[in-house]
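Containing TSV, C-alpha atoms: query10.tsv.
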chain	number	residue	atom	x	y	z
A	23	MET	CA	0.00	0.00	0.00
A	24	ILE	CA	1.42	3.37	-1.00
A	25	ARG	CA	2.25	5.93	1.70
A	26	ILE	CA	1.12	9.53	1.20
A	27	ASN	CA	2.62	12.21	3.45
A	28	ILE	CA	1.77	15.86	3.62
A	29	ILE	CA	4.86	17.48	5.09
A	30	CYS	CA	4.04	21.00	6.16
A	31	ILE	CA	5.22	23.93	8.21
A	32	GLY	CA	3.13	25.03	11.17
A	33	LYS	CA	0.20	23.69	13.11
A	34	ILE	CA	-3.48	24.17	12.37
A	35	LYS	CA	-5.32	25.98	15.12
A	36	GLU	CA	-8.83	25.94	13.67
A	37	LYS	CA	-10.80	22.85	14.66
A	38	TYR	CA	-12.92	22.90	11.50
A	39	PHE	CA	-9.79	22.46	9.36
A	40	THR	CA	-8.41	19.65	11.53
A	41	ASP	CA	-11.81	17.95	11.56
A	42	ALA	CA	-11.97	18.03	7.76
A	43	ILE	CA	-8.41	16.75	7.35
A	44	ASN	CA	-9.08	13.98	9.86
A	45	GLU	CA	-12.20	12.97	7.93
A	46	TYR	CA	-10.23	12.69	4.66
A	47	ALA	CA	-7.45	10.82	6.49
A	48	LYS	CA	-10.03	8.31	7.71
A	49	ARG	CA	-11.45	7.91	4.20
A	50	LEU	CA	-7.96	7.53	2.73
A	51	SER	CA	-7.10	4.67	5.07
A	52	SER	CA	-8.63	2.16	2.64
A	53	PHE	CA	-6.45	3.44	-0.22
A	54	CYS	CA	-3.11	4.36	1.34
A	55	LYS	CA	-1.16	5.03	4.49
A	56	PHE	CA	-1.82	8.74	4.94
A	57	SER	CA	-0.17	11.08	7.39
A	58	VAL	CA	0.34	14.78	7.99
A	59	ILE	CA	3.77	15.68	9.31
A	60	GLU	CA	3.78	19.12	10.91
A	61	LEU	CA	7.09	20.88	11.40
A	62	ALA	CA	7.73	23.92	13.57
A	63	GLU	CA	7.43	27.30	11.93
A	64	GLU	CA	10.61	29.36	12.11
A	65	ARG	CA	10.25	32.75	13.76
A	66	VAL	CA	11.57	35.92	12.17
A	67	ARG	CA	13.58	38.21	14.37
A	68	SER	CA	11.59	41.37	13.74
A	69	ASN	CA	8.04	42.55	13.17
A	70	ILE	CA	9.00	43.83	9.73
A	71	PRO	CA	11.45	41.26	8.37
A	72	ASN	CA	13.93	42.18	5.66
A	73	ALA	CA	14.78	39.98	2.68
A	74	ALA	CA	17.77	38.39	4.43
A	75	GLN	CA	15.66	37.40	7.45
A	76	ILE	CA	12.96	35.93	5.22
A	77	THR	CA	15.58	33.94	3.30
A	78	GLU	CA	16.99	32.67	6.61
A	79	VAL	CA	13.53	31.45	7.65
A	80	ILE	CA	12.85	29.76	4.30
A	81	GLU	CA	16.23	28.00	4.35
A	82	ALA	CA	15.87	26.84	7.97
A	83	GLU	CA	12.39	25.45	7.26
A	84	GLY	CA	13.71	23.82	4.10
A	85	LYS	CA	16.42	21.98	6.03
A	86	GLU	CA	13.81	20.58	8.41
A	87	ILE	CA	11.58	19.52	5.50
A	88	LEU	CA	14.46	17.75	3.76
A	89	LYS	CA	15.19	15.74	6.93
A	90	LYS	CA	11.72	14.17	6.61
A	91	ILE	CA	12.16	13.08	2.98
A	92	ASN	CA	13.75	9.75	2.14
A	93	ALA	CA	15.94	9.42	-0.94
A	94	SER	CA	13.47	6.98	-2.54
A	95	ASP	CA	10.38	9.18	-1.97
A	96	TYR	CA	8.51	10.86	-4.82
A	97	VAL	CA	8.33	14.53	-3.81
A	98	VAL	CA	5.66	17.00	-4.88
A	99	ALA	CA	6.43	20.60	-3.95
A	100	MET	CA	3.33	22.74	-3.62
A	101	CYS	CA	4.35	26.08	-5.07
A	102	ILE	CA	2.93	28.91	-7.12
A	103	GLU	CA	5.24	28.24	-10.07
A	104	GLY	CA	4.15	24.62	-10.22
A	105	LYS	CA	1.87	23.07	-12.81
A	106	MET	CA	-1.88	23.28	-12.30
A	107	MET	CA	-3.67	19.96	-12.75
A	108	SER	CA	-7.19	18.66	-12.82
A	109	SER	CA	-8.32	16.09	-10.27
A	110	GLU	CA	-8.17	13.46	-13.01
A	111	GLU	CA	-4.58	14.40	-13.85
A	112	LEU	CA	-3.59	14.19	-10.18
A	113	SER	CA	-5.18	10.75	-10.03
A	114	LYS	CA	-3.19	9.62	-13.09
A	115	MET	CA	0.01	11.01	-11.59
A	116	LEU	CA	-0.51	9.07	-8.34
A	117	ASP	CA	-1.29	5.92	-10.35
A	118	THR	CA	1.89	6.36	-12.40
A	119	VAL	CA	4.02	6.94	-9.31
A	120	SER	CA	2.59	3.91	-7.53
A	121	VAL	CA	3.41	1.56	-10.41
A	122	SER	CA	6.88	3.09	-10.91
A	123	GLY	CA	8.23	1.44	-7.79
A	124	LYS	CA	7.90	4.42	-5.46
A	125	SER	CA	6.29	3.47	-2.17
A	126	THR	CA	6.00	6.99	-0.71
A	127	VAL	CA	4.74	10.28	-2.08
A	128	ASP	CA	5.52	13.42	-0.08
A	129	PHE	CA	3.47	16.54	-0.73
A	130	ILE	CA	5.34	19.55	0.66
A	131	ILE	CA	3.61	22.72	1.86
A	132	GLY	CA	6.06	25.38	3.00
A	133	GLY	CA	5.67	28.11	5.55
A	134	SER	CA	4.16	31.52	4.99
A	135	TYR	CA	7.20	32.67	2.99
A	136	GLY	CA	7.26	29.64	0.72
A	137	LEU	CA	9.68	26.80	0.00
A	138	SER	CA	13.45	26.90	-0.17
A	139	SER	CA	15.20	26.41	-3.49
A	140	GLU	CA	16.73	23.20	-2.05
A	141	VAL	CA	13.28	21.71	-1.47
A	142	LYS	CA	12.12	22.76	-4.94
A	143	THR	CA	15.27	21.25	-6.47
A	144	ARG	CA	14.67	17.97	-4.61
A	145	ALA	CA	11.07	17.84	-5.82
A	146	ASP	CA	10.19	15.41	-8.58
A	147	PHE	CA	7.18	17.54	-9.46
A	148	LYS	CA	6.00	21.06	-8.69
A	149	LEU	CA	2.24	21.43	-8.25
A	150	SER	CA	0.20	24.61	-8.00
A	151	MET	CA	-3.33	24.48	-6.60
A	152	SER	CA	-4.34	27.71	-8.24
A	153	ARG	CA	-3.09	31.13	-9.24
A	154	MET	CA	-4.98	32.33	-6.16
A	155	THR	CA	-3.38	32.39	-2.71
A	156	PHE	CA	-4.85	30.25	0.06
A	157	PRO	CA	-4.08	30.16	3.77
A	158	HIS	CA	-1.77	27.22	4.47
A	159	GLN	CA	-4.37	25.57	6.70
A	160	MET	CA	-6.93	25.70	3.89
A	161	ALA	CA	-4.38	24.46	1.36
A	162	ARG	CA	-3.70	21.45	3.58
A	163	MET	CA	-7.40	20.65	3.78
A	164	ILE	CA	-7.95	21.12	0.03
A	165	LEU	CA	-4.92	18.95	-0.76
A	166	SER	CA	-6.19	16.21	1.56
A	167	GLU	CA	-9.54	16.28	-0.23
A	168	GLN	CA	-7.91	16.18	-3.66
A	169	ILE	CA	-5.74	13.22	-2.71
A	170	TYR	CA	-8.87	11.39	-1.56
A	171	ARG	CA	-10.65	12.39	-4.78
A	172	ALA	CA	-7.69	11.11	-6.83
A	173	PHE	CA	-7.93	7.68	-5.22
A	174	GLU	CA	-11.71	7.64	-5.71
A	175	ILE	CA	-11.21	8.45	-9.41
A	176	SER	CA	-8.66	5.61	-9.75
A	177	SER	CA	-11.02	3.13	-8.13
A	178	ASN	CA	-14.08	4.34	-10.09
A	179	GLY	CA	-15.69	5.40	-6.84
A	180	LYS	CA	-18.89	7.40	-6.68
A	181	TYR	CA	-17.33	10.36	-4.79
A	182	HIS	CA	-16.00	12.05	-7.94
A	183	LYS	CA	-18.74	13.13	-10.31

Could I get this structure in the form of structure tokens?
Amino acid sequence: MIRINIICIGKIKEKYFTDAINEYAKRLSSFCKFSVIELAEERVRSNIPNAAQITEVIEAEGKEILKKINASDYVVAMCIEGKMMSSEELSKMLDTVSVSGKSTVDFIIGGSYGLSSEVKTRADFKLSMSRMTFPHQMARMILSEQIYRAFEISSNGKYHK
């Protein structure tokens, strides 16, 4: 059974987001081993951070993210410059990865300043949810739902219409 990880920066405080993610995690249990790995958000040293401080935060978070990725994992970096896909295309991508010998897919959601260049370089694929900007908590919930939808599409389930 394939393992799907969402590796992300920060914790979700809103119960309605955690409830939704937990519901999709429960539904996904029949398709994959699903987990959300939350990493600590780096703090900037001032209320109005400069470019160097922001870069420092992004790089520190990137190092922590990379520690959670195994060399054999298929890595999907969630970033604005990534490719936008339909739910059907995401489903096909997960199908292709699962038959390619990869046993783990890591979806990476960075902190509020984004992902480090090292994480993006490590990524096998860069995915964009939209040209719009979403709060990271919402992005995590939407991604969880889309992963569930992708598995439902692959199994010809009734969820996806």

Item checked: Sphere at (0.1, 29.6, -10.9), radius 9 Å, counting all atoms listed in the file: residues as a PyMOL selection string -> chain A and resi 101-106+149-154

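Closest approach to A:Glu64 from the set A:Glu111, A:Glu86, A:Asp95, A:Glu45 is made by A:Glu86, with distances taken over all atoms listed in the file.
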
Item checked: Selection: 10 Å around stretch 164-175 of chain A, all atoms listed in the file, excl. self and same-chain fewer than 6 positions, as a ChimeraX atom specification -> /A:26-28,39,42-54,56-58,100,108-117,129,131,151,156,158,181-183

Margin query: Could you check which residues have any atom within 7 Å of (7.3, 23.1, 1.8), counting only C-alpha atoms with coordinates taken straight from the file, and then list them as a PyMOL selection string?
Written below: chain A and resi 29-31+84+87+99-100+130-133+136-137+141

Notebook entry, point to check: So which one's closest to A:Ala73, A:Asp41, A:Tyr135, A:Phe147, A:Ser122? Using all atoms listed in the file, please.
Noted result: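 Looking at the shortest contact to A:Ala73, the residue is A:Tyr135.
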
Notebook entry, point to check: With all atoms listed in the file as the atoms that count, which of A:Ile70, A:Tyr96, A:Ser134, A:Thr143 lies nearest to A:Thr155?
Noted result: A:Ser134

Checklist line | Separation of atom CA of A:Lys33 from atom CA of A:Glu60, in Å and rounded to one decimal | finding: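 A separation of 6.2 Å between them.
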